[in-house]
file input.cif (mmCIF, C-alpha atoms)
data_entry
loop_
_atom_site.label_atom_id
_atom_site.label_comp_id
_atom_site.auth_asym_id
_atom_site.auth_seq_id
_atom_site.Cartn_x
_atom_site.Cartn_y
_atom_site.Cartn_z
CA MET Q 103 -5.42 -5.17 6.59
CA THR Q 104 -5.58 -4.10 10.19
CA GLN Q 105 -7.80 -2.97 13.03
CA ARG Q 106 -6.99 -1.21 16.29
CA VAL Q 107 -6.98 -3.35 19.40
CA VAL Q 108 -7.23 -2.11 23.01
CA ARG Q 109 -6.15 -3.90 26.19
CA VAL Q 110 -5.58 -7.35 24.74
CA LEU Q 111 -2.72 -9.75 24.86
CA LEU Q 112 -0.02 -8.93 22.34
CA VAL Q 113 -0.31 -12.39 20.87
CA SER Q 114 -3.75 -11.27 19.75
CA ILE Q 115 -2.37 -7.93 18.59
CA ILE Q 116 -0.05 -9.53 16.08
CA LEU Q 117 -2.97 -11.46 14.61
CA ALA Q 118 -5.37 -8.52 14.58
CA LEU Q 119 -2.96 -5.86 13.40
CA SER Q 120 -1.09 -7.92 10.86
CA PRO Q 121 -3.18 -10.70 9.34
CA SER Q 122 -0.73 -10.58 6.42
CA ILE Q 123 1.89 -12.33 8.56
CA PRO Q 124 0.36 -15.82 8.53
CA ALA Q 125 -1.26 -15.27 5.12
CA VAL Q 126 -0.35 -17.28 2.04
CA ASP Q 127 -0.25 -14.35 -0.37
CA PHE Q 128 0.12 -10.59 -0.42
CA ASN Q 129 -3.03 -8.75 -1.49
CA LEU Q 130 -3.75 -5.07 -1.03
CA PHE Q 131 -7.42 -6.01 -1.46
CA PRO Q 132 -8.06 -9.51 -0.04
CA PHE Q 133 -11.64 -9.24 -1.33
CA ASP Q 134 -10.45 -8.46 -4.88
CA PRO Q 135 -7.25 -10.39 -5.71
CA GLY Q 136 -7.59 -9.55 -9.42
CA LEU Q 137 -7.34 -5.81 -8.82
CA SER Q 138 -4.59 -6.42 -6.27
CA GLN Q 139 -2.58 -8.34 -8.86
CA PHE Q 140 -3.11 -5.65 -11.50
CA MET Q 141 -1.79 -2.94 -9.19
CA ARG Q 142 1.04 -5.11 -7.88
CA CYS Q 143 2.31 -5.81 -11.42
CA TYR Q 144 1.79 -2.31 -12.81
CA HIS Q 145 5.31 -1.03 -12.11
CA ARG Q 146 6.90 -3.86 -14.10
CA ASP Q 147 5.38 -2.57 -17.34
CA PRO Q 148 3.65 0.77 -16.66
CA GLN Q 149 0.71 1.52 -18.94
CA PRO Q 150 -0.89 4.57 -17.32
CA GLN Q 151 -3.79 4.86 -19.74
CA LYS Q 152 -4.68 1.23 -19.14
CA ALA Q 153 -4.59 1.90 -15.40
CA LEU Q 154 -6.92 4.88 -15.76
CA ASP Q 155 -9.26 2.84 -17.97
CA CYS Q 156 -9.35 0.28 -15.16
CA PHE Q 157 -10.50 3.02 -12.76
CA PHE Q 158 -13.51 3.73 -14.96
CA SER Q 159 -14.37 0.03 -15.14
CA LEU Q 160 -14.56 -0.37 -11.36
CA ASP Q 161 -17.89 -0.53 -9.59
CA LEU Q 162 -16.73 1.81 -6.82
CA ALA Q 163 -19.87 1.54 -4.69
CA LYS Q 164 -19.58 -2.24 -4.72
CA PHE Q 165 -15.83 -1.98 -4.10
CA GLU Q 166 -16.39 0.10 -0.96
CA GLN Q 167 -19.17 -2.18 0.26
CA ARG Q 168 -16.97 -5.26 -0.12
CA ALA Q 169 -14.14 -3.42 1.63
CA LYS Q 170 -16.38 -2.70 4.63
CA GLU Q 171 -17.66 -6.27 4.73
CA SER Q 172 -14.04 -7.52 4.66
CA ASN Q 173 -12.98 -5.11 7.42
CA GLN Q 174 -10.69 -3.24 5.00
CA PRO Q 175 -11.91 0.34 5.57
CA HIS Q 176 -8.75 1.91 4.14
CA SER Q 177 -9.13 0.25 0.73
CA ILE Q 178 -10.47 3.42 -0.91
CA ALA Q 179 -7.43 5.31 0.43
CA ILE Q 180 -5.22 2.70 -1.26
CA LEU Q 181 -6.98 3.44 -4.55
CA TYR Q 182 -6.40 7.16 -3.99
CA GLY Q 183 -2.69 6.55 -3.42
CA PHE Q 184 -2.29 4.41 -6.51
CA TYR Q 185 -4.22 6.59 -8.95
CA ALA Q 186 -2.97 9.90 -7.57
CA THR Q 187 0.54 8.59 -8.09
CA VAL Q 188 -0.23 7.45 -11.65
CA LEU Q 189 -1.41 11.00 -12.44
CA HIS Q 190 1.52 12.48 -10.53
CA GLN Q 191 3.85 10.50 -12.78
CA ASN Q 192 1.84 11.24 -15.93
CA PRO Q 193 0.42 14.79 -15.67
CA SER Q 194 -0.39 14.85 -19.41
CA LEU Q 195 -3.20 12.39 -18.67
CA LEU Q 196 -4.88 14.73 -16.19
CA ALA Q 197 -6.99 16.55 -18.81
CA PRO Q 198 -8.32 13.36 -20.47
CA PHE Q 199 -9.05 11.94 -17.01
CA ALA Q 200 -11.00 15.09 -16.10
CA LYS Q 201 -12.98 14.96 -19.36
CA ALA Q 202 -13.91 11.33 -18.71
CA LEU Q 203 -15.05 12.22 -15.19
CA ALA Q 204 -17.11 15.16 -16.48
CA SER Q 205 -18.92 12.93 -18.95
CA SER Q 206 -19.58 10.20 -16.42
CA SER Q 207 -23.09 9.66 -15.11
CA ASP Q 208 -21.65 8.24 -11.88
CA GLY Q 209 -21.48 11.08 -9.38
CA TYR Q 210 -19.71 8.93 -6.81
CA ARG Q 211 -16.94 8.11 -9.33
CA ALA Q 212 -16.64 11.80 -10.18
CA ALA Q 213 -16.28 12.73 -6.51
CA ILE Q 214 -13.55 10.15 -5.96
CA GLY Q 215 -11.84 11.15 -9.20
CA MET Q 216 -11.78 14.81 -8.18
CA GLU Q 217 -10.09 13.89 -4.91
CA ILE Q 218 -7.58 11.77 -6.80
CA MET Q 219 -6.79 14.71 -9.07
CA ALA Q 220 -6.38 16.99 -6.05
CA TYR Q 221 -4.01 14.57 -4.32
CA SER Q 222 -2.02 13.98 -7.52
CA GLY Q 223 -0.17 17.26 -7.21
CA ALA Q 224 -0.22 17.55 -11.00
CA PRO Q 225 0.53 21.16 -12.11
CA LYS Q 226 -2.92 21.85 -13.60
CA ARG Q 227 -4.96 19.85 -11.11
CA LEU Q 228 -6.95 22.89 -9.88
CA ASN Q 229 -8.01 23.72 -13.43
CA ALA Q 230 -9.03 20.10 -13.97
CA ILE Q 231 -11.03 20.03 -10.72
CA ARG Q 232 -12.77 23.28 -11.65
CA PHE Q 233 -13.60 21.92 -15.11
CA VAL Q 234 -15.26 18.80 -13.69
CA GLY Q 235 -17.03 20.79 -10.98
CA GLU Q 236 -18.57 23.20 -13.46
CA LYS Q 237 -19.69 20.40 -15.78
CA LEU Q 238 -21.35 18.52 -12.93
CA SER Q 239 -22.68 21.58 -11.06
CA VAL Q 240 -20.68 20.88 -7.91
CA SER Q 241 -21.35 23.41 -5.13
CA GLU Q 242 -18.78 26.07 -4.35
CA LYS Q 243 -18.47 24.66 -0.85
CA GLU Q 244 -17.50 21.25 -2.24
CA MET Q 245 -15.22 22.85 -4.81
CA ALA Q 246 -13.39 24.68 -2.05
CA ARG Q 247 -12.91 21.40 -0.21
CA TYR Q 248 -11.42 19.66 -3.25
CA GLU Q 249 -9.13 22.61 -3.96
CA SER Q 250 -7.88 22.66 -0.37
CA LEU Q 251 -6.80 19.02 -0.28
CA GLU Q 252 -3.11 18.46 0.35
CA GLU Q 253 -0.90 18.39 -2.73
CA TYR Q 254 0.55 14.89 -3.16
CA PRO Q 255 0.68 13.92 0.56
CA TYR Q 256 2.39 10.64 -0.38
CA LYS Q 257 5.70 12.41 -1.06
CA ALA Q 258 6.53 12.43 2.66
CA MET Q 259 4.18 9.70 3.91
CA GLN Q 260 5.78 7.32 6.40
CA PRO Q 261 4.19 3.84 6.77
CA THR Q 262 3.87 4.02 10.55
CA ASP Q 263 0.83 1.74 10.71
CA GLN Q 264 -0.63 -1.02 8.54
CA TYR Q 265 -3.07 1.32 6.84
CA LEU Q 266 -0.29 3.65 5.73
CA LEU Q 267 1.96 0.71 4.87
CA ASP Q 268 -0.60 -0.51 2.34
CA ILE Q 269 -0.91 2.99 0.84
CA VAL Q 270 2.86 3.32 0.49
CA TRP Q 271 2.95 -0.06 -1.25
CA ALA Q 272 0.32 1.24 -3.69
CA CYS Q 273 2.44 4.33 -4.37
CA TYR Q 274 5.48 2.12 -4.99
CA PHE Q 275 3.55 -0.07 -7.43
CA ALA Q 276 2.25 3.02 -9.24
CA SER Q 277 5.67 4.67 -9.56
CA ASP Q 278 8.47 2.12 -9.14
CA ASP Q 279 9.98 4.84 -6.94
CA PHE Q 280 12.85 3.45 -4.86
CA THR Q 281 12.14 5.87 -1.98
CA PHE Q 282 8.76 4.26 -1.25
CA LEU Q 283 10.39 0.84 -0.98
CA ALA Q 284 13.06 2.27 1.32
CA ARG Q 285 10.36 3.57 3.68
CA ILE Q 286 8.76 0.13 3.76
CA ALA Q 287 12.11 -1.53 4.46
CA ALA Q 288 12.77 0.87 7.35
CA GLN Q 289 9.93 -0.85 9.24
CA LEU Q 290 12.16 -3.93 9.60
CA GLU Q 291 14.34 -2.22 12.22
CA PRO Q 292 12.74 -3.62 15.42
CA ILE Q 293 12.05 -7.23 14.41
CA SER Q 294 13.98 -10.35 15.35
CA ALA Q 295 15.89 -12.65 13.04
CA THR Q 296 12.83 -14.86 12.47
CA LEU Q 297 9.07 -14.59 12.84
CA GLU Q 298 9.19 -17.20 15.59
CA ASP Q 299 11.66 -15.07 17.57
CA THR Q 300 9.38 -12.06 17.14
CA LYS Q 301 6.42 -14.09 18.39
CA VAL Q 302 8.39 -15.03 21.51
CA ARG Q 303 9.06 -11.34 22.16
CA LEU Q 304 5.41 -10.51 21.61
CA LYS Q 305 4.29 -13.26 23.97
CA ALA Q 306 6.58 -11.90 26.68
CA ILE Q 307 5.15 -8.41 26.17
CA GLY Q 308 1.59 -9.74 26.05
CA GLU Q 309 1.93 -11.41 29.41
CA LYS Q 310 2.38 -7.94 30.93
CA LYS Q 311 -1.00 -6.85 29.49
CA PRO Q 312 0.31 -3.39 28.62
CA LYS Q 313 -2.00 -0.40 28.37
CA PRO Q 314 -2.45 1.46 25.08
CA ASP Q 315 0.26 4.07 24.48
CA SER Q 316 2.61 2.35 26.92
CA ILE Q 317 6.17 1.65 25.77
CA GLU Q 318 5.45 -2.09 25.58
CA TYR Q 319 2.27 -1.55 23.57
CA ARG Q 320 4.07 0.67 21.07
CA GLU Q 321 6.86 -1.90 20.82
CA ALA Q 322 4.30 -4.59 19.98
CA LEU Q 323 2.79 -2.44 17.23
CA ALA Q 324 6.25 -1.80 15.80
CA LEU Q 325 7.02 -5.53 15.84
CA ALA Q 326 3.73 -6.36 14.09
CA GLN Q 327 4.41 -3.63 11.55
CA GLY Q 328 7.93 -4.92 10.94
CA GLU Q 329 6.71 -8.46 10.39
CA ALA Q 330 4.04 -7.22 7.98
CA ALA Q 331 6.78 -5.40 6.03
CA ARG Q 332 9.05 -8.48 6.02
CA PHE Q 333 6.24 -10.72 4.79
CA ALA Q 334 5.20 -8.29 2.02
CA LEU Q 335 8.75 -7.59 0.85
CA THR Q 336 9.42 -11.32 0.61
CA GLU Q 337 6.16 -12.15 -1.15
CA VAL Q 338 6.38 -9.31 -3.67
CA ALA Q 339 10.03 -10.00 -4.52
CA LYS Q 340 9.39 -13.73 -5.07
CA ASP Q 341 8.12 -13.16 -8.60
CA ASP Q 342 9.16 -9.54 -9.17
CA PRO Q 343 12.75 -9.12 -10.45
CA LYS Q 344 12.50 -5.31 -10.24
CA THR Q 345 11.67 -5.41 -6.55
CA LEU Q 346 14.30 -8.07 -5.94
CA SER Q 347 16.95 -5.85 -7.55
CA ALA Q 348 15.69 -2.86 -5.57
CA ILE Q 349 16.06 -4.81 -2.32
CA ALA Q 350 19.65 -5.63 -3.29
CA ARG Q 351 20.24 -1.91 -3.81
CA LEU Q 352 18.68 -1.17 -0.44
CA VAL Q 353 21.13 -3.49 1.30
CA ALA Q 354 23.96 -1.27 0.08
CA ASN Q 355 22.13 1.87 1.20
CA THR Q 356 21.05 0.79 4.68
CA SER Q 357 22.76 -0.40 7.84
CA GLY Q 358 22.09 -2.21 11.10
CA ASN Q 359 19.14 -4.52 11.46
CA VAL Q 360 17.37 -3.20 8.35
CA SER Q 361 20.31 -4.20 6.18
CA ALA Q 362 20.61 -7.57 7.96
CA GLN Q 363 16.91 -8.34 7.48
CA LEU Q 364 17.07 -7.38 3.80
CA GLU Q 365 20.10 -9.64 3.30
CA ALA Q 366 18.16 -12.46 4.96
CA ILE Q 367 15.25 -11.90 2.57
CA LEU Q 368 17.63 -12.03 -0.40
CA SER Q 369 19.21 -15.22 0.94
CA ARG Q 370 15.82 -16.84 1.51
CA LEU Q 371 14.62 -15.92 -1.98
CA GLY Q 372 17.88 -17.16 -3.49
CA ARG Q 373 17.22 -20.58 -1.97
CA VAL Q 374 13.64 -20.54 -3.27
CA HIS Q 375 14.77 -19.63 -6.78
CA ARG Q 376 17.49 -22.30 -6.77
CA LYS Q 377 14.98 -24.92 -5.61
CA ASN Q 378 12.54 -23.88 -8.36
CA ARG Q 379 15.28 -24.14 -11.00
CA GLU Q 380 16.31 -27.59 -9.74
CA GLU Q 381 12.68 -28.78 -9.77
CA LYS Q 382 12.28 -27.56 -13.35
CA ARG Q 383 15.44 -29.35 -14.46
CA GLY Q 384 14.28 -32.56 -12.78
CA ALA Q 385 10.79 -32.40 -14.29
#

call {"tool": "encode", "arguments": {"input": "input.cif", "output": "structure tokens"}}
result
Amino acid sequence: MTQRVVRVLLVSIILALSPSIPAVDFNLFPFDPGLSQFMRCYHRDPQPQKALDCFFSLDLAKFEQRAKESNQPHSIAILYGFYATVLHQNPSLLAPFAKALASSSDGYRAAIGMEIMAYSGAPKRLNAIRFVGEKLSVSEKEMARYESLEEYPYKAMQPTDQYLLDIVWACYFASDDFTFLARIAAQLEPISATLEDTKVRLKAIGEKKPKPDSIEYREALALAQGEAARFALTEVAKDDPKTLSAIARLVANTSGNVSAQLEAILSRLGRVHRKNREEKRGA
């Protein structure tokens, strides 16, 4: 969802770094809303085998091409996060997943699948990687690379930029793990009470034309990141009772501005839900 910007006004930064802020919907893959919706809804009724079947139905080469054309270069990393987490949560499906990869005629899919297995942190992932590698005659050099990949890096991943924020969202959707949502909510800390207030702050910073890595520049990135988190939390919770309940839990487990911003989200969504109910009764 983002791209790095150098030496530009911070008003431009908020648009370039966080196009999700003025957007009308939350999509991990703006170029593929159907897949985005599937992943977004997965945690409400987890069906891991169905999710893995979906992986084998994807045209991954086309997916990556569309991602590049849409300026979403981290989209494949989002897929890694989602599917590695599905396998992390369901290690019994690792062997069937490996067998399906080994019988696939798509070498690109097999390569991505082997990385997913490596990142999953599943107990027998190295055996599964070796099995696929032997079936597909993968070189020892490549095998060593797969086997050296970090074991479930998402466990401690902090969403410190928009790329990582999207990946952490994917991990949350794949696991329904409260800790991922808490990390997303933590990004709310620097933002103002409203988006308009944040824009005023950004405009003031932008007028200084700060250099990259300056305090003001880093503040602008943090503000853009916080607004992206606020937008996504609000949009996801609108039609997701599990996330709405999780946000309510977070309010009780946080403090300061994070807690205040979460309470504001709950209040805003409460008004939306009441309005929807009233409209239905009046229809």

call {"tool": "resolve_selection", "arguments": {"input": "input.cif", "expression": "the PyMOL selection byres ((chain Q and resi 352-359) around 10)", "output": "ChimeraX atom specification"}}
result
/Q:280-281,283-284,287-288,290-295,346-351,360-365,368

call {"tool": "closest_residue", "arguments": {"input": "input.cif", "among": "Q:Arg227, Q:His145, Q:Arg247, Q:Lys305", "to": "Ala186 in chain Q", "atoms": "all atoms listed in the file"}}
result
Q:Arg227

call {"tool": "closest_residue", "arguments": {"input": "input.cif", "among": "Q:Leu228, Q:Ser194, Q:Arg211, Q:Phe233", "to": "Glu166 in chain Q", "atoms": "only C-alpha atoms"}}
result
Q:Arg211

call {"tool": "axis_aligned_box", "arguments": {"input": "input.cif", "around": "range 280-283 of chain Q", "padding_each_side": "6 Å", "output": "AutoDock Vina command-line options"}}
result
--center_x 10.8 --center_y 3.4 --center_z -2.9 --size_x 16.1 --size_y 17.0 --size_z 15.9

call {"tool": "atom_distance", "arguments": {"input": "input.cif", "atom1": "CA of Leu181 in chain Q", "atom2": "CA of Ala246 in chain Q"}}
result
22.3 Å

call {"tool": "residues_around", "arguments": {"input": "input.cif", "residues": "Asp208 in chain Q", "least_positions_apart": "5", "cutoff": "12 Å", "atoms": "all atoms listed in the file", "output": "list in words"}}
result
Phe158, Ser159, Leu160, Asp161, Leu162, Ala163, Ala202, Leu203, Ala213, Ile214, Gly215 and Leu238 of chain Q

call {"tool": "residues_around", "arguments": {"input": "input.cif", "residues": "Ile286 in chain Q", "least_positions_apart": "5", "cutoff": "8 Å", "atoms": "only C-alpha atoms", "output": "ChimeraX atom specification"}}
result
/Q:261,267,270-271,331

call {"tool": "atom_distance", "arguments": {"input": "input.cif", "atom1": "CA of Ile218 in chain Q", "atom2": "CA of Tyr185 in chain Q"}}
result
6.5 Å

call {"tool": "atom_distance", "arguments": {"input": "input.cif", "atom1": "CA of Asn229 in chain Q", "atom2": "CA of Cys156 in chain Q"}}
result
23.5 Å

call {"tool": "residues_around", "arguments": {"input": "input.cif", "residues": "Leu297 in chain Q", "least_positions_apart": "6", "cutoff": "12 Å", "atoms": "all atoms listed in the file", "output": "PyMOL selection string"}}
result
chain Q and resi 116+123-124+290+303-304+325-333+363

call {"tool": "residues_around", "arguments": {"input": "input.cif", "residues": "Asp342 in chain Q", "least_positions_apart": "4", "cutoff": "12 Å", "atoms": "all atoms listed in the file", "output": "ChimeraX atom specification"}}
result
/Q:139,142-147,275,278,334-338,346-349,371,375

call {"tool": "resolve_selection", "arguments": {"input": "input.cif", "expression": "the PyMOL selection byres ((chain Q and resi 177) around 9)", "output": "JSON, numbers by chain"}}
result
{"Q": [103, 130, 131, 165, 166, 169, 170, 174, 175, 176, 178, 179, 180, 181, 182, 265, 268, 269]}

call {"tool": "resolve_selection", "arguments": {"input": "input.cif", "expression": "the PyMOL selection byres ((chain Q and resi 255) around 12)", "output": "count of residues only"}}
result
24
